[in-house]
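Working notes, structure below.
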Protein chains: 2
Amino acid sequence: MIDPIPVLKEIVKEGKTKIVLLVIDGVGGLPVNGKTELERADIPELDKLARESSCGLIEPVFPGLTPGSGPGHLALFGYHPIKYNIGRGILEALGVDLEVKGGDVTARGNFCTVEGDVVVDRRAGRIPTEKNRELIERLKSKIERIEDVEVILKSGREHRFVLLLRGPGLSDRVTDTDPHKEKERVLSCRATAPEGEKTARVVNEFLSRVREILKNEKPANFVLLRGFSGMPDIPLFPDTYKIKACGIATYPMYRGLARLVGMEVYPAGETPQDLVHTLRELWQRYDYFYLHVKKTDSYGEDGNFDGKVHMLEEVDRIIPEILSLSPDVFAVTGDHSTPALMRSHSWHPVPFILHSGFALPDDARAFTERECAKGILGRFPALYVTSLLLAHAGRLDKFGA
Amino acid sequence: MIDPIPVLKEIVKEGKTKIVLLVIDGVGGLPVNGKTELERADIPELDKLARESSCGLIEPVFPGLTPGSGPGHLALFGYHPIKYNIGRGILEALGVDLEVKGGDVTARGNFCTVEGDVVVDRRAGRIPTEKNRELIERLKSKIERIEDVEVILKSGREHRFVLLLRGPGLSDRVTDTDPHKEKERVLSCRATAPEGEKTARVVNEFLSRVREILKNEKPANFVLLRGFSGMPDIPLFPDTYKIKACGIATYPMYRGLARLVGMEVYPAGETPQDLVHTLRELWQRYDYFYLHVKKTDSYGEDGNFDGKVHMLEEVDRIIPEILSLSPDVFAVTGDHSTPALMRSHSWHPVPFILHSGFALPDDARAFTERECAKGILGRFPALYVTSLLLAHAGRLDKFGA
């Protein structure tokens, strides 16, 4: 796969055209009683849109690779999903709505139970979120700085939290303290390169203070840290593509991803109707709109086939409203598949609709996996969705003479 | 995309089989009143060929990228279109039948009209080609060398010409003198790297002499230069693929491209009939024939849907004649799409027919965008057309044991 960004940077031009990318998270599925979620759903508007558009299937990364939300979305935004591999610590921090700045280092944390130095429960019995918040408050009040480094903590769900270090001379070139197995010893943080030495020292001092503060707690008497990562050096979407871009999303991870690539972010509310309401309000202010629908993925992960079908039907109702805004280019797809049958993300390619004045309608009769497979766009890497959208929006010059 | 050349070089073998690649420039289109140019055209021979062949759609570079003729053709010849990005000056020089050598630097030139330093007409009112030739003769007689650099000039059509500098220590790391807009000042040539300094100095001296020579001319009283480029280091087609290759093309750009990759070049005449006449004459002397039909692209660029349709119908008539020569492999495609609807090159994938004794016929019933989309070759990068042709011609060994 050619990284499109160096090429596109040379030929992208400003314009007044408007692009809407509707990402229905986990939209692709697998058959239960012969039909996939999309095949079961009553989605006349999406089916009509498919008939009037160019269709295809997008490959999130390469065949067989199941993407997390990070690579799934980055590919859709035109970032090579292997080259721009964003650290898990960063994604977690963005996911709990922590603002991350250049030079910051983040890590995923777990409360755990230790006996001496040995981890007996990596998740401290999955303590309730309430307890987590109480412990984090206590740690925050007692550890504000180490050396010249600000220590920022934020609770996640159950036993999870995020550690963010902010100060000069930090680096993510350090090792996990999580042994990733129970009945093994907690590890010290070690630098894997000279620039990680200060960070390792600060992390080890942090851990020794935590040890002291939590020593009488049960079961959460210590913490494990993993996935240290810094803010990636990623070209920003609005600069790279010369377009005013916003993301409309409710869930922290997706808001974080949109913010990471430089989009301005607005809440999507709880329903597809809320999403379209926000879109309408922002219509004059931006030219690129990333819209994110989460619940299809959540139902898929719960194995709730009917819930996912119902959610697709709700999304179907906002299609005419989006079209009524007359976007120059309107694409509908997902960041990956989440078949209810599998209760998880999967590697299956994702149906894709591209609607524009320059899109050749094809044989796809509906917005389903099997119909989009007949589309003229064929099966192509999600990495090229952005170049395709920009081309259809008249925002790319010719490449070469 | 994997660069195929390093792999192919190891496994290509000589043979006696013959390959014909018919490039119908800008062949792909978009619907007007429901049908594309190919769908509207009465092309029974091409349709029959499609039914008896393997079909597909080729992607010139990557989805959304509209190629110029350079990258479009280089990809068809098996050259990675990003890696081998040929400068416009070189293409123009080749296009006016100038021989370019390693170390030469070329640029595209325009006669223009200036008032003082300000460009008032970048094309000097598109002066007649005759006038251009007269002015170029005058410049040639008065500027033969600058320092130790030979100055070679050649007229193109209307206001266009090519400058070629030949001498030691030249480089294309210099800037355009063309401001690319009217009502702006002519620019000096500047080096963008130390190795460009001599070239910039020579170019600026050239311009000051031209200024003096043309000062009383109207409207062509100065020149603009752009796209400085040197000869690329490109592996030659006949050596790389161990095949005697020729190009049959009338228009300079395509003759130049064929010559750039080391093909011998013959004129195609004005009509498809002339093309096939030349093919027949050369049949015994070569094993690979690149045939170029230009006018489909020209009609597309003019927005002349019916003209393009008519031209496709003319091309259709030569198909039986090409088949009567019994090529082992016969492919029909284009270097890019040029929908009359858009009046320009576009990024849309291009229909592709591959006819050989080892091609599996498929569901494509006609040579159109939408029928070829059903073909067994699917949608694949133009970069792999050459490896596919060589394979079907029995000219590639197995890769690996």
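Note on naming: chains are A, B, ... as they come in the structure tokens, residues start from 1 per chain, ligands start from 1 in the order shown.
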
For chain A versus chain B, which residues have an atom no more than 8 Å away, and what is each residue's nearest atom pair and distance in Å rounded to one decimal, using only C-alpha atoms, chain-then-number order, as a Markdown table?
```
| residue | atom | partner | partner_atom | distance |
| --- | --- | --- | --- | --- |
| A:Met1 | CA | B:Met1 | CA | 5.0 |
| A:Ile2 | CA | B:Met1 | CA | 6.2 |
| A:Phe358 | CA | B:Leu30 | CA | 7.2 |
| A:Ala359 | CA | B:Leu30 | CA | 8.0 |
| A:Leu360 | CA | B:Leu30 | CA | 6.4 |
| A:Asp362 | CA | B:Arg370 | CA | 6.5 |
| A:Asp363 | CA | B:Arg370 | CA | 7.9 |
| A:Lys374 | CA | B:Lys374 | CA | 7.4 |
| A:Gly375 | CA | B:Ala373 | CA | 7.7 |
| A:Ile376 | CA | B:Ala373 | CA | 5.5 |
| A:Leu377 | CA | B:Arg379 | CA | 7.8 |
| A:Gly378 | CA | B:Arg379 | CA | 6.2 |
| A:Arg379 | CA | B:Arg379 | CA | 7.7 |
| A:Tyr384 | CA | B:Pro63 | CA | 5.8 |
| A:Val385 | CA | B:Pro63 | CA | 7.7 |
| A:Ser387 | CA | B:Gly64 | CA | 4.9 |
| A:Leu388 | CA | B:Gly64 | CA | 4.0 |
| A:Leu389 | CA | B:Gly64 | CA | 7.3 |
| A:Leu390 | CA | B:Gly64 | CA | 7.3 |
| A:Ala391 | CA | B:Gly64 | CA | 5.1 |
| A:His392 | CA | B:Gly64 | CA | 7.5 |
| A:Leu396 | CA | B:Leu65 | CA | 7.7 |
| A:Asp397 | CA | B:Thr66 | CA | 7.4 |
| A:Lys398 | CA | B:Thr66 | CA | 5.0 |
| A:Phe399 | CA | B:Pro67 | CA | 4.8 |
| A:Gly400 | CA | B:Gly68 | CA | 4.9 |
| A:Ala401 | CA | B:Gly68 | CA | 4.4 |
```

- request: Identify, with DSSP run on backbone atoms, the residues in region 41-203 of chain B assigned to strand (DSSP E), and express the list as number ranges by chain.
  value: B: 54-59, 105-115, 118-121, 145-146, 149-155, 160-166

### Message
I'd like the neighbourhood of region 15-18 of chain B as a ChimeraX atom specification, where a residue qualifies if any of its atoms comes within 9 Å (using only C-alpha atoms), though same-chain residues fewer than 5 positions away should be ignored.
### Response
/B:242-243,283,286-289,326-330,393-395

Only N, CA and C atoms, please: the residues just picked out, written as a PDB file, in the first residue's frame.
```pdb
ATOM      1  N   LYS B 242      13.432  -8.459 -21.286  1.00  0.00           N
ATOM      2  CA  LYS B 242      14.026  -9.319 -22.327  1.00  0.00           C
ATOM      3  C   LYS B 242      13.093  -9.498 -23.520  1.00  0.00           C
ATOM      4  N   ILE B 243      12.645  -8.370 -24.049  1.00  0.00           N
ATOM      5  CA  ILE B 243      11.692  -8.447 -25.153  1.00  0.00           C
ATOM      6  C   ILE B 243      11.939  -7.299 -26.135  1.00  0.00           C
ATOM      7  N   TRP B 283       5.391  -6.366 -37.671  1.00  0.00           N
ATOM      8  CA  TRP B 283       5.014  -7.588 -36.944  1.00  0.00           C
ATOM      9  C   TRP B 283       6.175  -8.568 -36.742  1.00  0.00           C
ATOM     10  N   TYR B 286       9.331  -7.218 -33.982  1.00  0.00           N
ATOM     11  CA  TYR B 286       9.223  -7.001 -32.532  1.00  0.00           C
ATOM     12  C   TYR B 286       8.325  -8.061 -31.916  1.00  0.00           C
ATOM     13  N   ASP B 287       8.408  -8.155 -30.574  1.00  0.00           N
ATOM     14  CA  ASP B 287       7.542  -9.094 -29.858  1.00  0.00           C
ATOM     15  C   ASP B 287       6.549  -8.391 -28.925  1.00  0.00           C
ATOM     16  N   TYR B 288       6.807  -7.132 -28.676  1.00  0.00           N
ATOM     17  CA  TYR B 288       5.894  -6.360 -27.813  1.00  0.00           C
ATOM     18  C   TYR B 288       5.544  -5.080 -28.553  1.00  0.00           C
ATOM     19  N   PHE B 289       4.246  -4.833 -28.674  1.00  0.00           N
ATOM     20  CA  PHE B 289       3.756  -3.680 -29.423  1.00  0.00           C
ATOM     21  C   PHE B 289       2.843  -2.841 -28.525  1.00  0.00           C
ATOM     22  N   SER B 326      -2.825 -12.903 -34.960  1.00  0.00           N
ATOM     23  CA  SER B 326      -2.685 -13.951 -33.937  1.00  0.00           C
ATOM     24  C   SER B 326      -1.643 -13.628 -32.859  1.00  0.00           C
ATOM     25  N   PRO B 327      -1.776 -12.478 -32.223  1.00  0.00           N
ATOM     26  CA  PRO B 327      -0.886 -12.215 -31.088  1.00  0.00           C
ATOM     27  C   PRO B 327      -1.141 -13.259 -30.004  1.00  0.00           C
ATOM     28  N   ASP B 328      -0.099 -13.668 -29.295  1.00  0.00           N
ATOM     29  CA  ASP B 328      -0.309 -14.619 -28.195  1.00  0.00           C
ATOM     30  C   ASP B 328      -1.090 -13.977 -27.061  1.00  0.00           C
ATOM     31  N   VAL B 329      -0.817 -12.688 -26.874  1.00  0.00           N
ATOM     32  CA  VAL B 329      -1.515 -11.947 -25.816  1.00  0.00           C
ATOM     33  C   VAL B 329      -1.960 -10.613 -26.407  1.00  0.00           C
ATOM     34  N   PHE B 330      -3.211 -10.269 -26.173  1.00  0.00           N
ATOM     35  CA  PHE B 330      -3.742  -9.003 -26.680  1.00  0.00           C
ATOM     36  C   PHE B 330      -4.525  -8.348 -25.541  1.00  0.00           C
ATOM     37  N   ALA B 393       2.121 -14.567 -21.842  1.00  0.00           N
ATOM     38  CA  ALA B 393       2.964 -14.838 -23.010  1.00  0.00           C
ATOM     39  C   ALA B 393       3.987 -15.935 -22.721  1.00  0.00           C
ATOM     40  N   GLY B 394       3.915 -16.542 -21.542  1.00  0.00           N
ATOM     41  CA  GLY B 394       4.850 -17.623 -21.205  1.00  0.00           C
ATOM     42  C   GLY B 394       6.276 -17.137 -21.044  1.00  0.00           C
ATOM     43  N   ARG B 395       6.411 -15.888 -20.607  1.00  0.00           N
ATOM     44  CA  ARG B 395       7.750 -15.307 -20.512  1.00  0.00           C
ATOM     45  C   ARG B 395       8.224 -15.110 -19.085  1.00  0.00           C
TER      46      ARG B 395
END
```
